[in-house]
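A.B. asks: Okay, so here is coords35.cif, and as you'll see once you scroll down, it has mmCIF, C-alpha atoms.
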data_entry
#
loop_
_atom_site.group_PDB
_atom_site.id
_atom_site.type_symbol
_atom_site.label_atom_id
_atom_site.label_comp_id
_atom_site.auth_asym_id
_atom_site.auth_seq_id
_atom_site.Cartn_x
_atom_site.Cartn_y
_atom_site.Cartn_z
ATOM 1 C CA MET A 405 -24.246 15.346 10.176
ATOM 2 C CA ASN A 406 -26.316 14.661 7.077
ATOM 3 C CA VAL A 407 -27.577 11.219 6.187
ATOM 4 C CA ASP A 408 -28.371 10.266 2.611
ATOM 5 C CA ILE A 409 -29.552 6.795 1.646
ATOM 6 C CA THR A 410 -28.718 5.812 -1.922
ATOM 7 C CA GLY A 411 -29.520 2.264 -2.911
ATOM 8 C CA ALA A 412 -27.862 -0.214 -0.585
ATOM 9 C CA LYS A 413 -25.269 2.259 0.679
ATOM 10 C CA ILE A 414 -25.600 4.717 3.529
ATOM 11 C CA PHE A 415 -23.446 7.822 3.291
ATOM 12 C CA TYR A 416 -22.609 9.870 6.371
ATOM 13 C CA THR A 417 -21.260 13.213 5.245
ATOM 14 C CA VAL A 418 -18.946 14.802 7.777
ATOM 15 C CA PRO A 419 -19.396 18.590 7.621
ATOM 16 C CA ILE A 420 -15.670 19.297 7.253
ATOM 17 C CA ASP A 421 -14.378 20.768 4.010
ATOM 18 C CA PHE A 422 -10.778 20.140 3.039
ATOM 19 C CA PRO A 423 -9.114 22.601 0.629
ATOM 20 C CA ILE A 424 -7.953 19.858 -1.728
ATOM 21 C CA LEU A 425 -9.940 16.737 -0.855
ATOM 22 C CA GLY A 426 -13.278 18.464 -0.512
ATOM 23 C CA ARG A 427 -15.991 17.068 1.729
ATOM 24 C CA PHE A 428 -15.101 13.787 3.408
ATOM 25 C CA GLN A 429 -17.707 11.012 3.237
ATOM 26 C CA ILE A 430 -17.988 7.962 5.466
ATOM 27 C CA THR A 431 -19.645 5.169 3.489
ATOM 28 C CA GLU A 432 -21.069 1.808 4.481
ATOM 29 C CA THR A 433 -18.034 0.135 2.911
ATOM 30 C CA LEU A 434 -15.678 2.264 4.985
ATOM 31 C CA VAL A 435 -17.533 1.574 8.249
ATOM 32 C CA ILE A 436 -17.606 -2.186 7.677
ATOM 33 C CA SER A 437 -13.925 -2.110 6.658
ATOM 34 C CA TRP A 438 -13.145 -0.521 10.021
ATOM 35 C CA LEU A 439 -15.188 -3.265 11.677
ATOM 36 C CA VAL A 440 -13.202 -5.905 9.777
ATOM 37 C CA MET A 441 -9.917 -4.368 10.945
ATOM 38 C CA LEU A 442 -11.219 -4.251 14.518
ATOM 39 C CA ILE A 443 -12.217 -7.927 14.383
ATOM 40 C CA ILE A 444 -8.799 -8.948 13.035
ATOM 41 C CA THR A 445 -6.982 -6.810 15.620
ATOM 42 C CA LEU A 446 -8.960 -8.241 18.540
ATOM 43 C CA LEU A 447 -8.500 -11.770 17.209
ATOM 44 C CA CYS A 448 -4.721 -11.270 16.963
ATOM 45 C CA ILE A 449 -4.586 -9.868 20.501
ATOM 46 C CA TRP A 450 -6.607 -12.827 21.803
ATOM 47 C CA LEU A 451 -4.492 -15.427 19.985
ATOM 48 C CA THR A 452 -1.177 -13.964 21.157
ATOM 49 C CA ARG A 453 -1.986 -13.522 24.849
ATOM 50 C CA ASP A 454 -0.177 -15.657 27.437
ATOM 51 C CA LEU A 455 2.271 -17.239 24.994
ATOM 52 C CA LYS A 456 4.418 -20.041 26.432
ATOM 53 C CA VAL A 457 7.452 -22.033 25.362
ATOM 54 C CA GLU A 458 6.220 -25.331 26.845
ATOM 55 C CA ASN A 459 2.770 -26.786 27.482
ATOM 56 C CA ILE A 460 1.207 -24.415 24.999
ATOM 57 C CA SER A 461 -2.562 -23.986 24.819
ATOM 58 C CA LYS A 462 -4.750 -24.912 21.865
ATOM 59 C CA LYS A 463 -5.157 -21.201 21.179
ATOM 60 C CA GLN A 464 -1.387 -20.746 20.902
ATOM 61 C CA ALA A 465 -1.148 -23.866 18.729
ATOM 62 C CA VAL A 466 -3.647 -22.311 16.304
ATOM 63 C CA ALA A 467 -1.704 -19.025 16.289
ATOM 64 C CA GLU A 468 1.576 -20.842 15.588
ATOM 65 C CA LEU A 469 -0.069 -22.870 12.832
ATOM 66 C CA LEU A 470 -1.317 -19.692 11.138
ATOM 67 C CA VAL A 471 2.132 -18.099 11.323
ATOM 68 C CA GLU A 472 3.744 -21.270 9.983
ATOM 69 C CA GLN A 473 1.330 -21.421 7.046
ATOM 70 C CA ALA A 474 1.975 -17.752 6.231
ATOM 71 C CA ASN A 475 5.718 -18.431 6.255
ATOM 72 C CA LYS A 476 5.335 -21.447 3.970
ATOM 73 C CA PHE A 477 3.044 -19.559 1.604
ATOM 74 C CA VAL A 478 5.406 -16.643 0.999
ATOM 75 C CA ILE A 479 8.764 -18.401 1.234
ATOM 76 C CA GLY A 480 7.538 -21.417 -0.729
ATOM 77 C CA ASN A 481 6.368 -19.259 -3.630
ATOM 78 C CA ALA A 482 8.860 -16.390 -3.586
ATOM 79 C CA GLY A 483 11.906 -17.596 -1.684
ATOM 80 C CA GLU A 484 13.659 -16.749 1.554
ATOM 81 C CA ARG A 485 14.653 -13.278 0.320
ATOM 82 C CA PHE A 486 11.000 -12.198 0.437
ATOM 83 C CA ARG A 487 10.445 -13.128 4.091
ATOM 84 C CA LYS A 488 9.745 -9.454 4.760
ATOM 85 C CA LEU A 489 6.495 -9.804 2.776
ATOM 86 C CA ILE A 490 5.007 -12.290 5.253
ATOM 87 C CA PRO A 491 3.283 -9.729 7.550
ATOM 88 C CA PHE A 492 1.834 -7.832 4.573
ATOM 89 C CA VAL A 493 0.554 -10.931 2.771
ATOM 90 C CA ALA A 494 -0.857 -12.387 6.008
ATOM 91 C CA ALA A 495 -2.665 -9.126 6.776
ATOM 92 C CA LEU A 496 -3.981 -8.937 3.201
ATOM 93 C CA PHE A 497 -5.228 -12.536 3.334
ATOM 94 C CA ALA A 498 -6.903 -12.067 6.732
ATOM 95 C CA THR A 499 -8.575 -8.830 5.627
ATOM 96 C CA SER A 500 -9.860 -10.449 2.441
ATOM 97 C CA ILE A 501 -11.175 -13.531 4.263
ATOM 98 C CA VAL A 502 -13.008 -11.604 6.995
ATOM 99 C CA SER A 503 -14.352 -9.069 4.468
ATOM 100 C CA ASN A 504 -15.671 -11.872 2.254
ATOM 101 C CA LEU A 505 -17.255 -13.844 5.095
ATOM 102 C CA ILE A 506 -18.781 -10.925 6.970
ATOM 103 C CA SER A 507 -21.757 -11.130 4.604
ATOM 104 C CA LEU A 508 -22.764 -14.319 6.474
ATOM 105 C CA VAL A 509 -23.983 -12.160 9.368
ATOM 106 C CA GLY A 510 -26.045 -9.914 7.105
ATOM 107 C CA LEU A 511 -23.515 -7.120 6.564
ATOM 108 C CA ARG A 512 -22.516 -5.987 3.097
ATOM 109 C CA SER A 513 -19.062 -7.305 2.247
ATOM 110 C CA PRO A 514 -16.526 -4.482 1.691
ATOM 111 C CA THR A 515 -15.068 -6.571 -1.141
ATOM 112 C CA ALA A 516 -18.363 -6.151 -3.010
ATOM 113 C CA ASP A 517 -17.271 -2.534 -3.511
ATOM 114 C CA LEU A 518 -14.658 -2.064 -6.240
ATOM 115 C CA SER A 519 -13.007 0.759 -4.304
ATOM 116 C CA THR A 520 -11.789 -1.775 -1.707
ATOM 117 C CA GLU A 521 -10.007 -4.029 -4.194
ATOM 118 C CA ALA A 522 -8.797 -0.975 -6.117
ATOM 119 C CA ALA A 523 -7.052 0.326 -2.986
ATOM 120 C CA TRP A 524 -5.422 -3.074 -2.386
ATOM 121 C CA ALA A 525 -4.350 -3.288 -6.031
ATOM 122 C CA VAL A 526 -2.789 0.183 -5.955
ATOM 123 C CA VAL A 527 -0.723 -0.756 -2.887
ATOM 124 C CA VAL A 528 0.403 -3.991 -4.570
ATOM 125 C CA PHE A 529 1.199 -2.128 -7.799
ATOM 126 C CA ILE A 530 3.380 0.351 -5.905
ATOM 127 C CA MET A 531 5.231 -2.537 -4.264
ATOM 128 C CA ILE A 532 5.756 -4.240 -7.647
ATOM 129 C CA THR A 533 7.026 -1.028 -9.212
ATOM 130 C CA ALA A 534 9.323 -0.343 -6.255
ATOM 131 C CA GLN A 535 10.755 -3.847 -6.566
ATOM 132 C CA LYS A 536 11.377 -3.382 -10.302
ATOM 133 C CA ILE A 537 13.151 -0.065 -9.707
ATOM 134 C CA LYS A 538 15.183 -1.613 -6.886
ATOM 135 C CA THR A 539 16.246 -4.449 -9.199
ATOM 136 C CA SER A 540 16.913 -2.563 -12.443
ATOM 137 C CA GLY A 541 17.185 1.067 -11.358
ATOM 138 C CA VAL A 542 14.988 3.897 -12.631
ATOM 139 C CA GLY A 543 16.664 3.850 -16.047
ATOM 140 C CA GLY A 544 16.354 0.107 -16.424
ATOM 141 C CA TYR A 545 12.695 0.232 -15.354
ATOM 142 C CA LEU A 546 11.860 2.892 -17.935
ATOM 143 C CA LYS A 547 13.913 1.137 -20.592
ATOM 144 C CA GLY A 548 11.838 -1.987 -20.024
ATOM 145 C CA PHE A 549 8.861 -0.253 -21.608
ATOM 146 C CA THR A 550 10.716 -0.126 -24.930
ATOM 147 C CA THR A 551 11.355 -3.885 -24.983
ATOM 148 C CA PRO A 552 11.670 -5.558 -27.469
ATOM 149 C CA ILE A 553 11.318 -2.483 -29.717
ATOM 150 C CA ALA A 554 10.409 1.145 -29.038
ATOM 151 C CA VAL A 555 7.144 0.920 -30.961
ATOM 152 C CA MET A 556 5.869 -1.472 -28.275
ATOM 153 C CA THR A 557 6.079 1.208 -25.561
ATOM 154 C CA PRO A 558 2.343 2.111 -25.519
ATOM 155 C CA PHE A 559 1.405 -1.557 -25.283
ATOM 156 C CA ASN A 560 3.929 -2.188 -22.510
ATOM 157 C CA VAL A 561 2.525 0.757 -20.570
ATOM 158 C CA LEU A 562 -0.983 -0.649 -20.950
ATOM 159 C CA SER A 563 0.269 -4.059 -19.858
ATOM 160 C CA GLU A 564 1.802 -2.499 -16.747
ATOM 161 C CA LEU A 565 -1.440 -0.708 -15.877
ATOM 162 C CA ALA A 566 -3.436 -3.882 -16.516
ATOM 163 C CA THR A 567 -1.808 -5.556 -13.502
ATOM 164 C CA PRO A 568 -3.616 -3.597 -10.757
ATOM 165 C CA ILE A 569 -6.825 -3.447 -12.801
ATOM 166 C CA SER A 570 -6.934 -7.227 -13.281
ATOM 167 C CA LEU A 571 -6.122 -7.816 -9.603
ATOM 168 C CA ALA A 572 -8.964 -5.567 -8.471
ATOM 169 C CA CYS A 573 -11.591 -6.614 -11.005
ATOM 170 C CA ARG A 574 -10.981 -10.358 -10.609
ATOM 171 C CA HIS A 575 -11.582 -10.290 -6.849
ATOM 172 C CA PHE A 576 -14.428 -7.770 -7.034
ATOM 173 C CA GLY A 577 -16.257 -9.541 -9.863
ATOM 174 C CA ASN A 578 -16.278 -12.924 -8.158
ATOM 175 C CA ILE A 579 -17.466 -11.613 -4.801
ATOM 176 C CA LEU A 580 -20.133 -9.343 -6.293
ATOM 177 C CA SER A 581 -21.404 -12.079 -8.608
ATOM 178 C CA GLY A 582 -21.849 -14.388 -5.618
ATOM 179 C CA ILE A 583 -23.928 -11.758 -3.823
ATOM 180 C CA VAL A 584 -26.062 -11.125 -6.920
ATOM 181 C CA ILE A 585 -26.633 -14.852 -7.526
ATOM 182 C CA ASN A 586 -27.583 -15.428 -3.881
ATOM 183 C CA THR A 587 -30.067 -12.533 -4.047
ATOM 184 C CA LEU A 588 -31.631 -13.889 -7.247
ATOM 185 C CA ILE A 589 -31.898 -17.368 -5.713
ATOM 186 C CA TYR A 590 -33.648 -15.984 -2.631
ATOM 187 C CA ALA A 591 -36.108 -14.090 -4.835
ATOM 188 C CA ALA A 592 -36.745 -17.088 -7.108
ATOM 189 C CA LEU A 593 -37.314 -19.452 -4.172
ATOM 190 C CA ALA A 594 -39.736 -16.976 -2.589
ATOM 191 C CA VAL A 595 -41.756 -16.840 -5.817
ATOM 192 C CA ALA A 596 -41.647 -20.637 -6.190
ATOM 193 C CA SER A 597 -42.725 -21.101 -2.573
ATOM 194 C CA SER A 598 -45.669 -18.755 -3.029
ATOM 195 C CA ALA A 599 -46.718 -20.475 -6.274
ATOM 196 C CA LEU A 600 -46.473 -24.046 -4.945
ATOM 197 C CA LEU A 601 -48.086 -23.438 -1.578
ATOM 198 C CA GLY A 602 -50.726 -21.281 -3.215
ATOM 199 C CA LEU A 603 -52.026 -24.454 -4.899
ATOM 200 C CA ILE A 604 -53.303 -25.645 -1.531
ATOM 201 C CA PRO A 605 -57.004 -24.775 -1.409
ATOM 202 C CA GLY A 606 -58.613 -22.644 1.224
ATOM 203 C CA VAL A 607 -57.272 -20.436 3.970
ATOM 204 C CA VAL A 608 -54.292 -22.739 4.597
ATOM 205 C CA GLY A 609 -52.992 -22.131 1.087
ATOM 206 C CA ASP A 610 -53.502 -18.376 1.383
ATOM 207 C CA VAL A 611 -51.516 -18.262 4.631
ATOM 208 C CA LEU A 612 -48.695 -20.603 3.581
ATOM 209 C CA SER A 613 -48.249 -18.911 0.189
ATOM 210 C CA LYS A 614 -47.154 -15.764 2.033
ATOM 211 C CA ILE A 615 -44.378 -17.633 3.885
ATOM 212 C CA PRO A 616 -41.168 -18.178 1.839
ATOM 213 C CA ILE A 617 -40.639 -21.693 3.180
ATOM 214 C CA LEU A 618 -38.264 -22.674 0.358
ATOM 215 C CA ASP A 619 -35.931 -19.871 1.444
ATOM 216 C CA VAL A 620 -35.035 -21.985 4.474
ATOM 217 C CA GLY A 621 -32.201 -24.466 3.990
ATOM 218 C CA ILE A 622 -31.483 -24.314 0.260
ATOM 219 C CA PRO A 623 -29.794 -20.853 0.283
ATOM 220 C CA ALA A 624 -27.669 -21.968 3.250
ATOM 221 C CA ILE A 625 -26.255 -24.847 1.198
ATOM 222 C CA LEU A 626 -25.507 -22.562 -1.736
ATOM 223 C CA SER A 627 -23.986 -20.025 0.650
ATOM 224 C CA PHE A 628 -21.367 -22.609 1.574
ATOM 225 C CA TYR A 629 -20.013 -22.277 -1.956
ATOM 226 C CA PHE A 630 -20.596 -18.590 -2.701
ATOM 227 C CA ASP A 631 -19.510 -17.275 0.711
ATOM 228 C CA TRP A 632 -17.112 -19.813 2.189
ATOM 229 C CA PHE A 633 -15.434 -21.549 -0.760
ATOM 230 C CA THR A 634 -15.375 -18.558 -3.114
ATOM 231 C CA GLY A 635 -14.335 -16.229 -0.289
ATOM 232 C CA PHE A 636 -11.335 -18.377 0.624
ATOM 233 C CA MET A 637 -10.387 -18.999 -2.995
ATOM 234 C CA GLN A 638 -10.461 -15.318 -3.979
ATOM 235 C CA ALA A 639 -8.368 -14.350 -0.961
ATOM 236 C CA PHE A 640 -5.884 -17.114 -1.811
ATOM 237 C CA ILE A 641 -5.694 -16.140 -5.500
ATOM 238 C CA PHE A 642 -5.250 -12.415 -4.743
ATOM 239 C CA CYS A 643 -2.415 -13.105 -2.294
ATOM 240 C CA MET A 644 -0.816 -15.694 -4.578
ATOM 241 C CA LEU A 645 -0.760 -13.246 -7.498
ATOM 242 C CA THR A 646 0.611 -10.530 -5.214
ATOM 243 C CA VAL A 647 3.528 -12.733 -4.138
ATOM 244 C CA MET A 648 4.227 -13.972 -7.682
ATOM 245 C CA TYR A 649 4.121 -10.476 -9.221
ATOM 246 C CA ILE A 650 6.549 -9.076 -6.651
ATOM 247 C CA ALA A 651 8.855 -12.107 -6.953
ATOM 248 C CA ASN A 652 8.859 -11.833 -10.756
ATOM 249 C CA ALA A 653 9.609 -8.106 -10.515
ATOM 250 C CA ALA A 654 12.832 -8.959 -8.692
ATOM 251 C CA GLU A 655 13.978 -11.093 -11.626
ATOM 252 C CA GLU A 656 13.461 -8.523 -14.387
#
In structure tokens, write the structure found in this file.
C.D. replies:
Amino acid sequence: MNVDITGAKIFYTVPIDFPILGRFQITETLVISWLVMLIITLLCIWLTRDLKVENISKKQAVAELLVEQANKFVIGNAGERFRKLIPFVAALFATSIVSNLISLVGLRSPTADLSTEAAWAVVVFIMITAQKIKTSGVGGYLKGFTTPIAVMTPFNVLSELATPISLACRHFGNILSGIVINTLIYAALAVASSALLGLIPGVVGDVLSKIPILDVGIPAILSFYFDWFTGFMQAFIFCMLTVMYIANAAEE
């Protein structure tokens, strides 16, 4: 197994050649995505163990609350007919949340890699298209590209393709920008700490100027916004748009 370090990503190349796919690569994003799925799976198993009808535990109360909120989210925004979307949307939301917040423990968030959001967006796009075909038929779906006049067809095609692209880029851009801003803040505070403490004369100033004291505390406060608030908001927005797009596709 060959290991190649390129920037912040570590690529493990599995020495297996596929006739069509070529050489398969296991990236840092892929490994952490597997870890995210493992965390969610174990959490679900833990929350759903020893379920009771009466005298439920706090753990079961939390699990029921999560299920109830997922039901309200989908049914409240799309209607009872889309109840079947609840497991998918709940899984998508949980994956997005854990992926966004995993950076708090020092791991690189999978959502900071565009390929992650692109994969989600492709799945959502397929579901939207399938819903449109189910509603209008193949002929009606294709005819929709010529609305209101045939000359608009290229623009309608671009508009259709813009849906998955906007879904992916919106989520990716916000998460990546938070990581970049946090990194710049850490670097700026380290420089400021060295400059301020370096003003202290003597050996004390020389020693303290090498310790990034300002990096303690301030980044943690900013992380509350960039990691927690932004992470939750982007997961919520992505899932909300997913539900709305699919619901609207059923009305066309």
A.B. asks: For each of A:Ile444, A:Leu571, A:Leu593, A:Ile583, take the minimum atom-to-atom distance to Met644 of chain A, counting all atoms listed in the file, then give the residue where this is smallest.
C.D. replies: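 Of the candidates, the smallest distance to Met644 of chain A is held by A:Leu571.
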A.B. asks: Have a look at A:Thr515, A:Thr452, A:Ser598, A:Asn459 and name the one nearest to Arg574 of chain A; count all atoms listed in the file.
C.D. replies: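 Nearest to Arg574 of chain A: A:Thr515.
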A.B. asks: Let me know the residues the PyMOL selection byres ((chain A and resi 551-568) around 9) catches in the file above, as a VMD selection string.
C.D. replies: chain A and resid 522 524 to 529 547 to 550 569 to 573 649
A.B. asks: Set the distance at 12 Å and use all atoms listed in the file: which residues neighbour segment 478-494 of chain A once local chain neighbours fewer than 4 positions away are removed? I'd like the list as a ChimeraX atom specification.
C.D. replies: /A:444,448,470-474,498-501,524,527-528,531-532,535,639-655
A.B. asks: Those residues you just picked out, can you put them in a file as a CSV table (one decimal), in the frame of the given file with C-alpha atoms?
C.D. replies:
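And here's again04.csv as it stands now:
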chain,number,residue,atom,x,y,z
A,444,ILE,CA,-8.8,-8.9,13.0
A,448,CYS,CA,-4.7,-11.3,17.0
A,470,LEU,CA,-1.3,-19.7,11.1
A,471,VAL,CA,2.1,-18.1,11.3
A,472,GLU,CA,3.7,-21.3,10.0
A,473,GLN,CA,1.3,-21.4,7.0
A,474,ALA,CA,2.0,-17.8,6.2
A,498,ALA,CA,-6.9,-12.1,6.7
A,499,THR,CA,-8.6,-8.8,5.6
A,500,SER,CA,-9.9,-10.4,2.4
A,501,ILE,CA,-11.2,-13.5,4.3
A,524,TRP,CA,-5.4,-3.1,-2.4
A,527,VAL,CA,-0.7,-0.8,-2.9
A,528,VAL,CA,0.4,-4.0,-4.6
A,531,MET,CA,5.2,-2.5,-4.3
A,532,ILE,CA,5.8,-4.2,-7.6
A,535,GLN,CA,10.8,-3.8,-6.6
A,639,ALA,CA,-8.4,-14.4,-1.0
A,640,PHE,CA,-5.9,-17.1,-1.8
A,641,ILE,CA,-5.7,-16.1,-5.5
A,642,PHE,CA,-5.2,-12.4,-4.7
A,643,CYS,CA,-2.4,-13.1,-2.3
A,644,MET,CA,-0.8,-15.7,-4.6
A,645,LEU,CA,-0.8,-13.2,-7.5
A,646,THR,CA,0.6,-10.5,-5.2
A,647,VAL,CA,3.5,-12.7,-4.1
A,648,MET,CA,4.2,-14.0,-7.7
A,649,TYR,CA,4.1,-10.5,-9.2
A,650,ILE,CA,6.5,-9.1,-6.7
A,651,ALA,CA,8.9,-12.1,-7.0
A,652,ASN,CA,8.9,-11.8,-10.8
A,653,ALA,CA,9.6,-8.1,-10.5
A,654,ALA,CA,12.8,-9.0,-8.7
A,655,GLU,CA,14.0,-11.1,-11.6
A.B. asks: So how far away is atom CA of Val611 of chain A from atom CA of Ala596 of chain A, in Å?
C.D. replies: 14.8 Å
A.B. asks: Between atom CA of Leu496 of chain A and atom CA of Ser540 of chain A, measure the distance and give it in Å to one decimal.
C.D. replies: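 These two atoms are separated by 26.9 Å.
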A.B. asks: Take the PyMOL selection byres ((chain A and resi 517) around 10), run it mentally on this structure, and tell me the resulting residues as a PyMOL selection string.
C.D. replies: chain A and resi 432-434+512-516+518-522+576-577+579-580
A.B. asks: Using all atoms listed in the file, which residue out of A:Tyr629, A:Gly635, A:Arg453, A:Phe477 lies closest to Asn578 of chain A?
C.D. replies: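 Between A:Tyr629, A:Gly635, A:Arg453, A:Phe477, the residue approaching Asn578 of chain A most closely is A:Gly635.
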A.B. asks: Which value, in Å to one decimal, gives the distance between atom CA of Ile615 of chain A and atom CA of Thr587 of chain A?
C.D. replies: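 One can read the atom CA of Ile615 of chain A to atom CA of Thr587 of chain A distance as 17.1 Å.
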A.B. asks: Taking all atoms listed in the file into account, name the residue in A:Leu446, A:Leu546, A:Val440, A:Leu469 that is nearest to Val502 of chain A.
C.D. replies: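 Going through A:Leu446, A:Leu546, A:Val440, A:Leu469 one by one, the smallest distance to Val502 of chain A is for A:Val440.
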A.B. asks: Working from the structure I just supplied, which lacks atoms in segment 440-464 of chain A, can you model N, CA and C atoms there and output them as a short mmCIF file (atom, residue, chain, number, x, y, z; two decimals), in the coordinates of the input?
C.D. replies:
data_model
loop_
_atom_site.label_atom_id
_atom_site.label_comp_id
_atom_site.auth_asym_id
_atom_site.auth_seq_id
_atom_site.Cartn_x
_atom_site.Cartn_y
_atom_site.Cartn_z
N VAL A 440 -14.05 -4.76 10.14
CA VAL A 440 -13.20 -5.90 9.78
C VAL A 440 -11.83 -5.78 10.42
N MET A 441 -11.24 -4.58 10.34
CA MET A 441 -9.92 -4.37 10.94
C MET A 441 -9.96 -4.54 12.46
N LEU A 442 -11.06 -4.10 13.07
CA LEU A 442 -11.22 -4.25 14.52
C LEU A 442 -11.31 -5.73 14.90
N ILE A 443 -12.08 -6.49 14.12
CA ILE A 443 -12.22 -7.93 14.38
C ILE A 443 -10.86 -8.63 14.28
N ILE A 444 -10.11 -8.32 13.24
CA ILE A 444 -8.80 -8.95 13.04
C ILE A 444 -7.84 -8.55 14.16
N THR A 445 -7.86 -7.28 14.55
CA THR A 445 -6.98 -6.81 15.62
C THR A 445 -7.28 -7.51 16.94
N LEU A 446 -8.57 -7.58 17.30
CA LEU A 446 -8.96 -8.24 18.54
C LEU A 446 -8.63 -9.73 18.51
N LEU A 447 -8.82 -10.35 17.34
CA LEU A 447 -8.50 -11.77 17.21
C LEU A 447 -7.00 -12.01 17.39
N CYS A 448 -6.17 -11.14 16.81
CA CYS A 448 -4.72 -11.27 16.96
C CYS A 448 -4.30 -11.08 18.42
N ILE A 449 -4.90 -10.10 19.09
CA ILE A 449 -4.59 -9.87 20.50
C ILE A 449 -4.97 -11.09 21.34
N TRP A 450 -6.14 -11.66 21.05
CA TRP A 450 -6.61 -12.83 21.80
C TRP A 450 -5.72 -14.04 21.56
N LEU A 451 -5.31 -14.26 20.32
CA LEU A 451 -4.49 -15.43 19.98
C LEU A 451 -3.07 -15.34 20.54
N THR A 452 -2.57 -14.12 20.73
CA THR A 452 -1.18 -13.96 21.16
C THR A 452 -1.03 -13.63 22.64
N ARG A 453 -2.07 -13.76 23.40
CA ARG A 453 -1.99 -13.52 24.85
C ARG A 453 -1.48 -14.78 25.56
N ASP A 454 -0.67 -14.57 26.59
CA ASP A 454 -0.18 -15.66 27.44
C ASP A 454 0.56 -16.72 26.63
N LEU A 455 1.48 -16.29 25.77
CA LEU A 455 2.27 -17.24 24.99
C LEU A 455 3.28 -17.95 25.90
N LYS A 456 3.50 -19.23 25.63
CA LYS A 456 4.42 -20.04 26.43
C LYS A 456 5.38 -20.79 25.52
N VAL A 457 6.49 -21.23 26.10
CA VAL A 457 7.45 -22.03 25.36
C VAL A 457 7.10 -23.51 25.46
N GLU A 458 6.62 -23.94 26.63
CA GLU A 458 6.22 -25.33 26.84
C GLU A 458 4.77 -25.38 27.28
N ASN A 459 4.18 -26.56 27.10
CA ASN A 459 2.77 -26.79 27.48
C ASN A 459 1.86 -25.69 26.92
N ILE A 460 1.98 -25.48 25.62
CA ILE A 460 1.21 -24.42 25.00
C ILE A 460 -0.27 -24.78 24.94
N SER A 461 -1.12 -23.78 24.89
CA SER A 461 -2.56 -23.99 24.82
C SER A 461 -2.99 -24.24 23.38
N LYS A 462 -4.21 -24.69 23.21
CA LYS A 462 -4.75 -24.91 21.86
C LYS A 462 -4.81 -23.60 21.09
N LYS A 463 -5.10 -22.53 21.81
CA LYS A 463 -5.16 -21.20 21.18
C LYS A 463 -3.80 -20.83 20.61
N GLN A 464 -2.73 -21.05 21.38
CA GLN A 464 -1.39 -20.75 20.90
C GLN A 464 -0.99 -21.67 19.76
#
